[in-house]
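> File name work_20.txt; file contents compact mmCIF, C-alpha atoms; full text below.
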# COMPACT_ATOMS: atom_id res chain seq x y z
CA MET A 1 170.82 26.74 -85.63
CA VAL A 2 170.04 25.79 -82.05
CA ALA A 3 172.10 26.93 -79.06
CA SER A 4 171.81 27.26 -75.32
CA LEU A 5 170.94 30.76 -74.15
CA ARG A 6 171.30 29.98 -70.47
CA PRO A 7 170.58 26.89 -68.35
CA ALA A 8 166.86 27.63 -68.26
CA TRP A 9 166.45 28.75 -71.90
CA ASP A 10 167.20 27.49 -75.41
CA VAL A 11 167.45 29.73 -78.47
CA ALA A 12 166.99 28.72 -82.10
CA CYS A 13 167.63 30.94 -85.13
CA LEU A 14 166.11 30.70 -88.60
CA ASP A 15 167.26 32.79 -91.57
CA ALA A 16 163.97 32.90 -93.47
CA PHE A 17 165.59 34.96 -96.24
CA ASP A 18 167.70 31.93 -97.17
CA ALA A 19 166.18 30.31 -100.27
CA HIS A 20 167.14 26.88 -98.91
CA ALA A 21 165.60 27.40 -95.46
CA THR A 22 162.16 25.99 -94.68
CA LEU A 23 160.16 25.88 -91.49
CA PRO A 24 159.57 22.08 -91.61
CA ALA A 25 163.33 21.44 -91.85
CA PHE A 26 163.89 23.90 -89.02
CA LEU A 27 161.34 22.14 -86.81
CA ARG A 28 162.89 18.75 -87.55
CA GLN A 29 166.23 20.19 -86.47
CA LEU A 30 164.63 21.28 -83.19
CA LEU A 31 163.31 17.76 -82.69
CA ALA A 32 166.75 16.31 -83.39
CA TYR A 33 168.22 18.70 -80.82
CA GLN A 34 165.82 17.18 -78.30
CA ASN A 35 166.93 13.68 -79.41
CA GLN A 36 163.56 13.12 -81.06
CA HIS A 37 164.32 11.71 -84.50
CA ARG A 38 160.80 10.62 -85.39
CA GLY A 39 159.29 13.69 -86.98
CA ALA A 40 155.65 14.10 -87.95
CA ALA A 41 154.73 14.25 -91.61
CA SER A 42 152.48 17.32 -91.56
CA LEU A 43 153.42 20.86 -90.57
CA ASP A 44 150.83 20.90 -87.79
CA GLY A 45 152.20 17.59 -86.57
CA LEU A 46 155.73 19.00 -86.45
CA VAL A 47 154.53 21.99 -84.42
CA ALA A 48 152.74 19.70 -81.96
CA ALA A 49 155.79 17.42 -81.72
CA VAL A 50 158.14 20.32 -80.95
CA LEU A 51 155.85 21.67 -78.25
CA ALA A 52 155.47 18.21 -76.73
CA VAL A 53 159.21 17.64 -76.26
CA LEU A 54 160.27 21.06 -74.96
CA GLN A 55 162.44 20.56 -71.92
CA ALA A 56 163.04 24.28 -71.35
CA PRO A 57 161.49 27.54 -72.53
CA LEU A 58 162.43 28.20 -76.16
CA VAL A 59 163.36 31.49 -77.83
CA LEU A 60 162.87 31.54 -81.60
CA VAL A 61 164.76 34.18 -83.59
CA VAL A 62 163.49 34.47 -87.18
CA HIS A 63 165.12 36.85 -89.63
CA ASN A 64 162.77 38.17 -92.34
CA VAL A 65 159.73 36.25 -91.18
CA GLU A 66 157.71 37.58 -94.13
CA GLU A 67 159.84 35.47 -96.50
CA LEU A 68 158.26 32.29 -95.14
CA ALA A 69 155.31 30.81 -97.01
CA PRO A 70 151.95 31.99 -95.61
CA ALA A 71 151.17 28.52 -94.25
CA HIS A 72 154.55 28.44 -92.52
CA GLN A 73 153.94 31.86 -90.97
CA ALA A 74 150.64 30.55 -89.62
CA ALA A 75 152.42 27.52 -88.14
CA LEU A 76 154.99 29.82 -86.56
CA SER A 77 152.20 31.80 -84.92
CA ALA A 78 150.87 28.54 -83.47
CA LEU A 79 154.29 27.96 -81.92
CA ALA A 80 154.40 31.51 -80.55
CA ARG A 81 151.02 30.96 -78.90
CA ASP A 82 152.56 28.48 -76.46
CA PRO A 83 153.61 30.10 -73.14
CA ASN A 84 156.95 28.27 -73.26
CA VAL A 85 157.92 29.88 -76.58
CA ARG A 86 159.21 33.40 -77.16
CA LEU A 87 159.41 34.71 -80.73
CA VAL A 88 161.77 37.46 -81.88
CA ALA A 89 161.30 38.25 -85.57
CA SER A 90 162.55 40.85 -88.01
CA VAL A 91 160.40 42.18 -90.84
CA ASP A 92 161.71 44.26 -93.74
CA HIS A 93 158.51 44.55 -95.76
CA LEU A 94 156.33 47.40 -94.56
CA TRP A 95 153.06 45.64 -95.41
CA ALA A 96 153.96 42.15 -94.17
CA PRO A 97 151.45 42.23 -91.26
CA LEU A 98 148.61 42.67 -93.76
CA LEU A 99 149.03 38.99 -94.66
CA TRP A 100 148.40 37.90 -91.08
CA SER A 101 144.93 36.94 -89.92
CA ASN A 102 143.45 38.28 -86.70
CA ASP A 103 144.25 34.98 -84.99
CA MET A 104 147.86 35.15 -86.16
CA LEU A 105 148.21 38.73 -84.93
CA LYS A 106 146.81 37.64 -81.58
CA ASP A 107 149.12 34.62 -81.38
CA PHE A 108 152.22 36.58 -82.40
CA ASN A 109 151.35 39.39 -79.97
CA PHE A 110 154.36 41.34 -81.16
CA CYS A 111 155.81 44.33 -79.39
CA ARG A 112 157.04 46.35 -82.38
CA GLU A 113 160.31 48.24 -82.48
CA GLU A 114 161.39 50.12 -85.63
CA VAL A 115 165.14 49.90 -86.17
CA HIS A 116 167.22 51.21 -89.07
CA THR A 117 170.54 49.35 -89.06
CA GLY A 118 172.01 51.18 -92.03
CA GLU A 119 173.55 47.91 -93.18
CA SER A 120 173.42 46.58 -96.73
CA TYR A 121 171.24 43.70 -97.89
CA ASP A 122 174.12 41.73 -99.39
CA LEU A 123 173.67 38.77 -97.05
CA GLU A 124 169.90 38.63 -97.57
CA LEU A 125 170.23 38.95 -101.35
CA ARG A 126 172.80 36.16 -101.53
CA GLY A 127 170.52 33.98 -99.44
CA LYS A 128 167.37 34.71 -101.42
CA PHE A 129 169.04 34.61 -104.86
CA PRO A 130 171.98 32.14 -104.79
CA ASP A 131 172.09 32.53 -108.58
CA MET A 132 171.44 35.79 -110.36
CA PRO A 133 167.77 35.76 -111.50
CA SER A 134 167.26 36.18 -115.24
CA TRP A 135 165.19 39.34 -114.81
CA CYS A 136 168.30 41.12 -113.45
CA ASP A 137 169.87 40.86 -116.91
CA PRO A 138 168.27 43.45 -119.25
CA PHE A 139 169.48 41.58 -122.34
CA THR A 140 167.82 38.36 -121.20
CA VAL A 141 164.54 40.17 -120.60
CA GLU A 142 164.64 41.91 -123.97
CA VAL A 143 165.37 38.74 -125.94
CA ALA A 144 162.67 36.81 -124.11
CA SER A 145 160.19 39.59 -124.83
CA LYS A 146 160.97 39.64 -128.54
CA VAL A 147 160.84 35.89 -128.90
CA SER A 148 157.48 35.76 -127.14
CA ILE A 149 156.05 38.43 -129.46
CA GLY A 150 157.06 36.39 -132.49
CA LEU A 151 155.63 33.17 -131.09
CA VAL A 152 152.35 34.80 -130.11
CA LEU A 153 151.86 36.58 -133.43
CA LYS A 154 152.50 33.35 -135.31
CA SER A 155 149.80 31.63 -133.28
CA LEU A 156 147.19 34.37 -133.85
CA THR A 157 145.12 35.22 -136.91
CA ASN A 158 145.96 37.48 -139.84
CA ASN A 159 143.59 40.07 -138.41
CA HIS A 160 145.66 40.24 -135.22
CA ARG A 161 148.88 40.64 -137.18
CA GLU A 162 147.38 43.31 -139.45
CA LEU A 163 146.09 45.21 -136.43
CA VAL A 164 149.59 45.17 -134.90
CA GLU A 165 150.97 46.40 -138.24
CA VAL A 166 148.50 49.30 -138.27
CA MET A 167 149.36 50.26 -134.70
CA ALA A 168 153.10 50.09 -135.42
CA LYS A 169 152.72 52.41 -138.42
CA ASN A 170 150.67 54.79 -136.29
CA GLN A 171 153.44 55.00 -133.67
CA LEU A 172 156.16 55.47 -136.28
CA GLU A 173 154.20 58.35 -137.80
CA GLY A 174 154.65 60.33 -134.60
CA ARG A 175 151.79 59.20 -132.37
CA LYS A 176 154.12 57.56 -129.88
CA GLU A 177 151.66 57.74 -126.99
CA GLY A 178 149.33 55.33 -128.81
CA ILE A 179 146.03 55.29 -130.66
CA SER A 180 142.52 55.69 -129.30
CA MET A 181 139.75 53.16 -129.81
CA PRO A 182 137.72 55.36 -132.25
CA ASP A 183 140.79 56.06 -134.40
CA LEU A 184 141.84 52.43 -134.35
CA LEU A 185 138.34 51.31 -135.35
CA ALA A 186 138.32 53.75 -138.27
CA VAL A 187 141.64 52.42 -139.58
CA ALA A 188 140.58 48.81 -138.99
CA GLU A 189 137.40 49.36 -141.00
CA ASP A 190 139.38 50.87 -143.88
CA ARG A 191 141.74 47.88 -143.88
CA MET A 192 138.80 45.47 -143.43
CA ILE A 193 140.38 44.09 -140.26
CA ALA A 194 137.26 44.58 -138.14
CA SER A 195 133.87 45.96 -139.10
CA ASN A 196 132.55 46.96 -135.68
CA LEU A 197 133.54 47.85 -132.13
CA THR A 198 132.85 44.37 -130.76
CA LYS A 199 135.29 42.73 -133.16
CA ILE A 200 138.04 45.28 -132.59
CA ARG A 201 137.68 44.88 -128.82
CA ARG A 202 137.99 41.11 -129.15
CA LEU A 203 141.22 41.47 -131.13
CA LEU A 204 142.64 44.00 -128.67
CA ASN A 205 141.75 41.89 -125.65
CA GLU A 206 143.70 38.94 -127.02
CA LEU A 207 146.70 41.16 -127.79
CA THR A 208 146.65 42.77 -124.35
CA ASP A 209 146.31 39.37 -122.67
CA HIS A 210 149.65 38.43 -124.26
CA ASP A 211 151.25 41.81 -123.37
CA ILE A 212 151.80 42.67 -127.04
CA VAL A 213 149.57 45.72 -126.63
CA VAL A 214 149.26 47.75 -123.44
CA GLN A 215 146.54 50.17 -122.41
CA ARG A 216 147.48 53.63 -121.16
CA GLN A 217 145.98 57.03 -120.51
CA GLY A 218 146.71 59.65 -123.15
CA GLN A 219 147.61 63.26 -122.48
CA ASP A 220 143.99 64.31 -122.98
CA GLY A 221 142.76 61.68 -120.53
CA THR A 222 141.44 59.25 -123.16
CA THR A 223 142.42 55.58 -123.22
CA VAL A 224 145.02 54.73 -125.85
CA TYR A 225 146.63 51.49 -126.98
CA VAL A 226 150.35 51.17 -127.66
CA LEU A 227 152.96 48.59 -128.66
CA PRO A 228 155.64 48.69 -125.91
CA VAL A 229 158.62 47.77 -128.11
CA LYS A 230 161.81 49.43 -129.35
CA GLN A 231 161.98 51.41 -132.58
CA ALA A 232 163.83 48.71 -134.52
CA LEU A 233 161.22 46.08 -133.71
CA LEU A 234 158.44 48.60 -134.30
CA ARG A 235 159.70 49.21 -137.85
CA ARG A 236 159.63 45.50 -138.65
CA LEU A 237 156.13 45.14 -137.24
CA ALA A 238 155.02 48.09 -139.38
CA GLN A 239 156.29 46.20 -142.43
CA GLY A 240 154.20 43.18 -141.51
CA GLU A 241 157.16 41.08 -140.35
CA VAL A 242 156.91 38.55 -137.53
CA PRO A 243 159.96 38.68 -135.20
CA CYS A 244 162.14 35.58 -135.00
CA ASP A 245 165.42 34.62 -133.32
CA ASP A 246 167.57 35.81 -136.23
CA ALA A 247 165.71 39.10 -136.39
CA ASP A 248 166.33 39.65 -132.68
CA ASP A 249 170.07 39.84 -133.31
CA ARG A 250 169.54 42.41 -136.05
CA ASP A 251 167.45 44.43 -133.61
CA GLU A 252 170.38 44.86 -131.25
CA ASP A 253 172.56 46.11 -134.10
CA THR A 254 169.89 48.52 -135.28
CA ASP A 255 169.37 49.88 -131.78
CA MET A 256 173.09 50.55 -131.50
CA GLU A 257 173.07 52.39 -134.82
CA ASP A 258 170.07 54.46 -133.72
CA ALA A 259 171.90 55.40 -130.54
Step by step, read the file and then write its structure as structure tokens.

Amino acid sequence: MVASLRPAWDVACLDAFDAHATLPAFLRQLLAYQNQHRGAASLDGLVAAVLAVLQAPLVLVVHNVEELAPAHQAALSALARDPNVRLVASVDHLWAPLLWSNDMLKDFNFCREEVHTGESYDLELRGKFPDMPSWCDPFTVEVASKVSIGLVLKSLTNNHRELVEVMAKNQLEGRKEGISMPDLLAVAEDRMIASNLTKIRRLLNELTDHDIVVQRQGQDGTTVYVLPVKQALLRRLAQGEVPCDDADDRDEDTDMEDA
């Protein structure tokens, strides 16, 4: 949005929190306001074109400047460097300035003012997420997690699946915090899953890379490995089953019965 502030000044506002807002489109709008309809192709070219056609000092008001892409923030600092441009920007993220280079900090040359409006973020959230993101729905996240476990286990070796089975049984037997590397190696040797530490580490690394197994610190300070899944899924893994779509539905029913 571009408007006249007073005869000697123009003001332009950009809602950077809007998912559909981009700095290049904003700069092209500024050029159109100056009756310059031939925009440059590159971002640097757009910045140069805007500065070249300024007929009056320009005030830029950018809401949530940290939501712009890093390259766009750098281009904005190049605009702010010009003596005919004044930049007023809001920042919600505490650590946003850490992304700015020394040159950007110098070009912005902000005078900081901390303000707590006490207002909700409804407008910003609607702008940033026009549609509800899938990770806001706990059921979507859970189903996706289960399906991915099944797909990954099917693509791995029998040794991987047997190791997951052993770990699931261990957790069901009361060791919910996980199992240490020495204990896991001892069980793996008994089951002939892995004969040495190097092999067990290789299996664990592949499972942790796919987030099937996570590494945590036990109560005694030792490193333990655990399957971060619900009890119903844990029981099926302990029986050597590989989760599938149909099994996911049974999981929900089982969880409700457990509750």
> Pick out the closest residue to Gly45 of chain A from this set: A:Leu153, A:Leu68, A:Ala78, A:Ala186. Count all atoms listed in the file.
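Ranked by minimum distance to Gly45 of chain A, first place goes to A:Ala78.
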> Between atom CA of Met104 of chain A and atom CA of Pro57 of chain A, what is the distance in Å, rounded to a tenth?
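Computed distance, atom CA of Met104 of chain A to atom CA of Pro57 of chain A, equals 20.7 Å.
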> Quick one: pull the distance between atom CA of His63 of chain A and atom CA of Phe17 of chain A, Å, one decimal.
6.9 Å
> Calculate how many Å separate atom CA of Val62 of chain A from atom CA of Leu87 of chain A, rounding to one decimal.
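Here the two named atoms are 7.6 Å from each other.
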> Between A:Asn64, A:Val88, A:His72, A:Arg112, which residue has the minimum interatomic distance to Trp100 of chain A, considering all atoms listed in the file?
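Using all atoms listed in the file, Trp100 of chain A sits closest to A:His72.
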> Which one is closest to Pro228 of chain A: A:Lys106, A:Arg28, A:Arg86, A:Arg216? Count only C-alpha atoms.
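Among A:Lys106, A:Arg28, A:Arg86, A:Arg216, it is A:Arg216 that comes nearest to Pro228 of chain A.
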> With only C-alpha atoms as the atoms that count, which of A:Val91, A:Leu233, A:Leu23, A:Leu51 lies nearest to Ala71 of chain A?
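Counting only C-alpha atoms, the residue closest to Ala71 of chain A is A:Leu23.
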> Do you know which residues are at most 9 Å from segment 166-168 of chain A counting all atoms listed in the file, after dropping those on the same chain fewer than 3 positions away, and could you put them as an MDAnalysis selection string?
chainID A and resid 161:163 171:173 178:179 184 187:188 191 225:227 234:240
> For Asp18 of chain A, which of A:Thr208, A:Glu124, A:Leu46, A:Leu58 is the closest residue, counting all atoms listed in the file?
A:Glu124
> Nearest to Ala56 of chain A: which of A:Val85, A:Ile149, A:Ala32, A:Ile193 is it, counting all atoms listed in the file?
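The answer is A:Val85, which sits nearest to Ala56 of chain A.
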